[in-house]
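Structure first, commentary second.
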Amino acid sequence: MEYISTRGNVKGIGFIDTVLMGLADDGGLLVPAEIPAVDAETLEEWRSLSFQELFLKIFSLYTNGEIPEEDLKELVNRSYASFRDPQVAPLRRIDDSLYVLELFHGPTFAFKDVALQFIGELYSYISRTRGEIIHILGATSGDTGAAAIAGVRGKEGIKICILHPNGKVSKVQELQMTTVDDANVLNLSVQGNFDDCQRIIKELFGDLEFKAKYHLRAINSINFVRILAQTVYYFHAFLQLPEEAKGRTVNISVPSGNFGNIFSGYLAKKMGLPIGKLIIATNENNILERFVKTGEYKPGEFAQTHSPSMDIQVASNFERYLYYLLNEDGAAVAERMKELQTEGRIAAEGEELRRVQADFAALGVTNGDCLETIAKYSREKGYLLDPHTACGVAAYEAHNGAGEIGITFATAHPAKFDEAISLLDIRQEFPAPISALSELPQVQTIVDNDKAEVTARLIEFFG
Ligand SMILES: *Cc1c(COP(=O)(O)O)cnc(C)c1O
């Protein structure tokens, strides 16, 4: 399996080099040259596998044997030993048509742990076996940073610097990042919003000389390994459905921001997982909903919502989908991305738009509807949704047809976003690792929304 860039000018890259490259050298994103197929018979054989075993099966289709099986197995087992649920991502039945896949049982209580616990182990392995210097640089709307730091803190041969928007992440997210005082961790708190942080990071990675000199590695969902690790739980969710679900259409609703998680679902579907609709759930930052409904992809006004991890206007993984929408034509992708930069918008029309609408359904959920959904499920089903998951459930309600099954991904534990929950007079109990955070001292450096200042701090830290 080789990896190529969505813009067509990087080809023939191996699996480990794909991990190390992050953003492709031509500014595009790396994708597999071909998507491996999983037939119905194989899928049936996978039904009895644990999450870890399924992970190995799926990765073995993509790694070209670059990591010996025994080593990969050890990395996977170590990655998921930190999860509080033995199933890693258990599927809960809420009622006859709704299931929730709980992805928040990792160290930082959000779905990003699933991929980032593994990437932490993988980078550490690459550092040990290839002697590569690993300097991770990332931007976060809150959860990526916490999960990335949890994945690499204290690991030999790795340093990590994370930018987060000052005061615009939840209290628990901020504490999870800034109470880590390992010497290999630097938290930069940027006086701007998430898109500002992401722009600075994109520019630094775009400077190939700088990227090579300081050995910059990505942790954001532009890294294909994150996408692939997330693909595993689409299979895992589907295979956990009970007998009674057989023969019914299964839709999956995904709280979305950077289009990473939902793109993993698109990949799973292309591999042959027989799912119906992929439902993109967003909040009032609804660029993706507008794209699916009208074909226009155009960043709008940034809104602060109850689900801050989805407060994103420029979805960095969107280009991966665009690549398939444009029939794997790298030159066409490069042209559209240039158009996005110069015109501030791109559009899918006619046949293209019809394909978008066959691939996805979408709903942008208002703050009011988000809270109402949390209240309703707490009252009627005795299940407490976090505000991101609530957007997913609201989108499921809007798009799941009669007789169909909807699996909504629970991307965070409600305790992580008590700011929203407490508006509803719902009192929740905090898991011990979360309540313990407020006792710890915080370590972070506040910087201006300025690439030069960030760069200076980086050089000082990475050396
Ligand atoms: C990151 C995050 C999302 C959005 O995921 P994308 O892969 O960026 O689409 C949704 N919910 C939570 C809780 C998150 O942390």
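By convention in this document, the chains of the structure tokens carry letters A, B, ... by their order, each chain's residues are numbered from 1, and ligands are numbered from 1 in the order they are shown.
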
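Summary of the local environment: counting only C-alpha atoms, residues at most 8 Å from Ser170 in chain A, other than itself and those fewer than 6 positions away along its chain, are Gly142, Pro308, Lys416, Phe417 and Glu419 of chain A.
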
Quick one: residues within 10 Å of Lys168 in chain A, only C-alpha atoms, excluding same-chain residues fewer than 2 positions away - as a PyMOL selection string? chain A and resi 141-142+164-166+170-171+173-174+189-194+304+308-309+311

Nearby residues, ligand 1, 8 Å, only C-alpha atoms and all ligand atoms, as a VMD selection string: chain A and resid 110 to 112 141 to 144 221 254 to 263 307 309 to 310 315 388 to 389 410 to 413

For the residues in that selection, give me N, CA, C and O atoms as a compact mmCIF listing (two decimals), in the first residue's frame.
```txt
# COMPACT_ATOMS: atom_id res chain seq x y z
N ALA A 110 -12.70 11.83 26.02
CA ALA A 110 -13.26 12.20 24.71
C ALA A 110 -12.75 11.22 23.66
O ALA A 110 -11.77 10.51 23.88
N PHE A 111 -13.42 11.19 22.51
CA PHE A 111 -13.12 10.15 21.51
C PHE A 111 -11.70 10.23 20.97
O PHE A 111 -11.17 9.24 20.46
N LYS A 112 -11.08 11.40 21.08
CA LYS A 112 -9.76 11.55 20.48
C LYS A 112 -8.71 10.65 21.13
O LYS A 112 -7.69 10.35 20.53
N SER A 141 -9.00 22.61 19.65
CA SER A 141 -10.17 23.32 20.16
C SER A 141 -10.47 22.78 21.56
O SER A 141 -11.49 23.07 22.15
N GLY A 142 -9.57 21.96 22.07
CA GLY A 142 -9.68 21.49 23.45
C GLY A 142 -9.36 20.02 23.64
O GLY A 142 -8.49 19.65 24.41
N ASP A 143 -10.05 19.17 22.91
CA ASP A 143 -9.91 17.74 23.17
C ASP A 143 -8.67 17.11 22.53
O ASP A 143 -8.04 16.24 23.12
N THR A 144 -8.31 17.55 21.33
CA THR A 144 -7.11 16.99 20.69
C THR A 144 -5.89 17.22 21.55
O THR A 144 -5.09 16.31 21.76
N SER A 221 -5.94 15.81 12.99
CA SER A 221 -6.55 14.73 12.21
C SER A 221 -6.16 14.80 10.74
O SER A 221 -6.59 13.98 9.95
N VAL A 254 -22.58 11.51 13.52
CA VAL A 254 -21.27 11.84 14.08
C VAL A 254 -21.14 13.34 14.38
O VAL A 254 -21.16 14.16 13.46
N PRO A 255 -21.00 13.70 15.65
CA PRO A 255 -20.73 15.10 15.99
C PRO A 255 -19.44 15.54 15.32
O PRO A 255 -18.39 14.93 15.54
N SER A 256 -19.50 16.57 14.48
CA SER A 256 -18.37 16.85 13.57
C SER A 256 -17.87 18.28 13.65
O SER A 256 -18.62 19.21 13.90
N GLY A 257 -16.56 18.42 13.41
CA GLY A 257 -15.93 19.73 13.37
C GLY A 257 -14.96 19.80 12.22
O GLY A 257 -15.21 20.41 11.19
N ASN A 258 -13.84 19.11 12.37
CA ASN A 258 -12.80 19.11 11.34
C ASN A 258 -13.01 18.05 10.26
O ASN A 258 -12.14 17.84 9.43
N PHE A 259 -14.13 17.36 10.30
CA PHE A 259 -14.46 16.36 9.29
C PHE A 259 -13.58 15.11 9.40
O PHE A 259 -13.57 14.27 8.51
N GLY A 260 -12.85 14.97 10.52
CA GLY A 260 -11.95 13.83 10.66
C GLY A 260 -12.71 12.55 10.99
O GLY A 260 -12.60 11.53 10.30
N ASN A 261 -13.52 12.62 12.05
CA ASN A 261 -14.25 11.45 12.49
C ASN A 261 -15.20 10.96 11.39
O ASN A 261 -15.25 9.77 11.07
N ILE A 262 -15.93 11.87 10.78
CA ILE A 262 -16.89 11.47 9.75
C ILE A 262 -16.16 10.95 8.50
O ILE A 262 -16.63 10.03 7.83
N PHE A 263 -14.98 11.48 8.22
CA PHE A 263 -14.24 10.95 7.07
C PHE A 263 -13.81 9.51 7.33
O PHE A 263 -13.79 8.68 6.41
N SER A 307 -20.84 23.38 22.42
CA SER A 307 -19.99 22.25 22.02
C SER A 307 -18.71 22.80 21.39
O SER A 307 -18.54 22.76 20.17
N SER A 309 -15.70 21.92 20.97
CA SER A 309 -14.81 21.11 20.13
C SER A 309 -15.30 21.04 18.69
O SER A 309 -14.62 20.48 17.83
N MET A 310 -16.48 21.57 18.45
CA MET A 310 -16.98 21.63 17.07
C MET A 310 -17.12 23.07 16.60
O MET A 310 -17.73 23.33 15.58
N ALA A 315 -12.88 23.09 7.93
CA ALA A 315 -12.74 21.69 8.30
C ALA A 315 -11.54 21.08 7.58
O ALA A 315 -11.59 20.80 6.39
N HIS A 388 -21.85 17.77 22.67
CA HIS A 388 -21.47 17.34 21.31
C HIS A 388 -22.33 16.16 20.88
O HIS A 388 -22.88 16.13 19.79
N THR A 389 -22.43 15.19 21.79
CA THR A 389 -23.23 14.01 21.51
C THR A 389 -24.70 14.40 21.30
O THR A 389 -25.39 13.82 20.45
N ALA A 410 -20.98 8.95 20.84
CA ALA A 410 -20.82 9.82 22.01
C ALA A 410 -19.35 10.21 22.05
O ALA A 410 -18.49 9.41 22.42
N THR A 411 -19.07 11.45 21.64
CA THR A 411 -17.67 11.84 21.46
C THR A 411 -17.03 12.37 22.75
O THR A 411 -15.82 12.52 22.81
N ALA A 412 -17.85 12.67 23.75
CA ALA A 412 -17.27 13.11 25.02
C ALA A 412 -18.15 12.70 26.19
O ALA A 412 -19.35 12.49 26.03
N HIS A 413 -17.54 12.59 27.35
CA HIS A 413 -18.26 12.32 28.59
C HIS A 413 -18.90 13.63 29.06
O HIS A 413 -18.26 14.69 28.97
```

Need the shell around range 226-242 of chain A: protein/DNA/RNA residues with any atom at most 6 Å away, counting only C-alpha atoms. Skip same-chain ones fewer than 6 positions apart. Format as an mmCIF file with N, CA and C atoms, in the first residue's frame?
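Okay, around_15.cif is ready:
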```cif
data_model
loop_
_atom_site.group_PDB
_atom_site.id
_atom_site.type_symbol
_atom_site.label_atom_id
_atom_site.label_comp_id
_atom_site.auth_asym_id
_atom_site.auth_seq_id
_atom_site.Cartn_x
_atom_site.Cartn_y
_atom_site.Cartn_z
ATOM 1 N N ARG A 47 -16.840 -10.633 13.501
ATOM 2 C CA ARG A 47 -17.876 -10.366 14.499
ATOM 3 C C ARG A 47 -17.435 -10.707 15.925
ATOM 4 N N PHE A 55 -8.696 -3.905 15.405
ATOM 5 C CA PHE A 55 -7.712 -2.867 15.096
ATOM 6 C C PHE A 55 -6.560 -3.475 14.293
ATOM 7 N N ALA A 115 -7.617 7.424 19.021
ATOM 8 C CA ALA A 115 -6.535 7.513 18.038
ATOM 9 C C ALA A 115 -5.232 7.975 18.681
ATOM 10 N N SER A 264 -13.504 9.183 8.575
ATOM 11 C CA SER A 264 -13.190 7.792 8.911
ATOM 12 C C SER A 264 -14.366 6.891 8.556
ATOM 13 N N ALA A 268 -14.595 3.788 6.008
ATOM 14 C CA ALA A 268 -15.151 2.479 6.395
ATOM 15 C C ALA A 268 -16.184 2.027 5.361
#
```

Coordinates-based distance that separates CA of His215 in chain A from CA of Ser60 in chain A (Å, one decimal): 27.0 Å

Residue list (alpha helix (DSSP H), DSSP) for range 10-208 of chain A, as a PyMOL selection string: chain A and resi 15-21+40-45+51-60+69-81+112-130+143-152+171-178+194-206+208

Give me the residues near Glu70 in chain A as a list in words, where near means some atom within 12 Å (using only C-alpha atoms) and where sequence neighbours in that chain fewer than 5 positions away do not count. Leu56, Ser60, Gly65, Leu75, Val76 and Asn77 of chain A

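The nearest approach to Glu289 in chain A among the residues A:Pro431, A:Gly364, A:Gly276, A:Gly330, with only C-alpha atoms taken into account, belongs to A:Gly364.
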
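Across the structure, CA of Asp196 in chain A and CA of Phe462 in chain A are spaced 21.7 Å apart.
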
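Proximity to Ser5 in chain A at 10 Å, evaluated using only C-alpha atoms and with sequence-adjacent residues fewer than 2 positions away removed, yields Tyr3, Arg7, Gly8, Asn9, Val10, Lys11, Gly12, Ile13, Thr18, Leu23, Ala24, Asp25, Asp26, Gly27, Gly28, Leu29, Leu30, Val31, Pro32, Ala33, Arg320, Tyr323, Glu328 and Gly330 of chain A.
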
Since we have the selection now, will you write its residues out, keeping C-alpha atoms, as an mmCIF file, in the first residue's frame?
```cif
data_model
loop_
_atom_site.group_PDB
_atom_site.id
_atom_site.type_symbol
_atom_site.label_atom_id
_atom_site.label_comp_id
_atom_site.auth_asym_id
_atom_site.auth_seq_id
_atom_site.Cartn_x
_atom_site.Cartn_y
_atom_site.Cartn_z
ATOM 1 C CA TYR A 3 0.156 6.746 0.082
ATOM 2 C CA ARG A 7 -3.096 17.259 -4.729
ATOM 3 C CA GLY A 8 -1.293 14.740 -6.870
ATOM 4 C CA ASN A 9 2.337 15.796 -6.403
ATOM 5 C CA VAL A 10 3.459 13.385 -3.684
ATOM 6 C CA LYS A 11 3.422 9.668 -4.463
ATOM 7 C CA GLY A 12 4.810 6.332 -3.363
ATOM 8 C CA ILE A 13 5.025 7.075 0.374
ATOM 9 C CA THR A 18 2.987 8.928 5.980
ATOM 10 C CA LEU A 23 0.559 17.301 5.861
ATOM 11 C CA ALA A 24 1.789 16.242 2.410
ATOM 12 C CA ASP A 25 4.756 18.191 1.052
ATOM 13 C CA ASP A 26 2.616 19.650 -1.755
ATOM 14 C CA GLY A 27 0.144 21.100 0.762
ATOM 15 C CA GLY A 28 -2.398 18.315 0.292
ATOM 16 C CA LEU A 29 -3.388 15.477 2.588
ATOM 17 C CA LEU A 30 -2.143 11.912 2.341
ATOM 18 C CA VAL A 31 -4.561 9.154 1.385
ATOM 19 C CA PRO A 32 -4.038 5.489 0.502
ATOM 20 C CA ALA A 33 -3.439 4.972 -3.230
ATOM 21 C CA ARG A 320 -9.828 14.273 1.688
ATOM 22 C CA TYR A 323 -10.460 14.168 -3.523
ATOM 23 C CA GLU A 328 -9.285 11.076 -7.345
ATOM 24 C CA GLY A 330 -5.234 15.597 -7.747
#
```

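Put simply, CA of Thr249 in chain A is 8.9 Å away from CA of Gly401 in chain A.
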
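Distances to Ala398 in chain A were evaluated for A:Ala361, A:Ile16, A:Ala375, A:Ile126 using only C-alpha atoms, and the minimum falls at A:Ala361.
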
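Shortest atom-to-atom contact with Ala147 in chain A among A:Ile94, A:Val114, A:Leu54, A:Ile133: A:Val114, counting only C-alpha atoms.
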
Could you give me, as a VMD selection string, the residues within 10 Å of Leu340 in chain A, counting only C-alpha atoms and dropping anything in the same chain fewer than 5 positions from it? chain A and resid 297 to 299 334 to 335 345 to 347

For each of A:Gly300, A:Gly265, A:Pro36, A:Gly138, take the minimum atom-to-atom distance to Cys197 in chain A, counting only C-alpha atoms, then give the residue where this is smallest. A:Gly138

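Within 7 Å of Ala139 in chain A, once only C-alpha atoms are used and residues closer than 3 positions along the same chain are dropped, the contacting residues are Gly145, Ile162, Leu163, His164, Cys197, Gln198 and Ile201 of chain A.
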
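Counting only C-alpha atoms, the residue from A:Asn367, A:Gln444, A:Thr455, A:Gln52 that sits nearest to Gln176 in chain A is A:Gln444.
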
From A:Val393, A:Leu43, A:Leu458, A:Leu424, residue lying nearest Ile58 in chain A [only C-alpha atoms]: A:Leu43
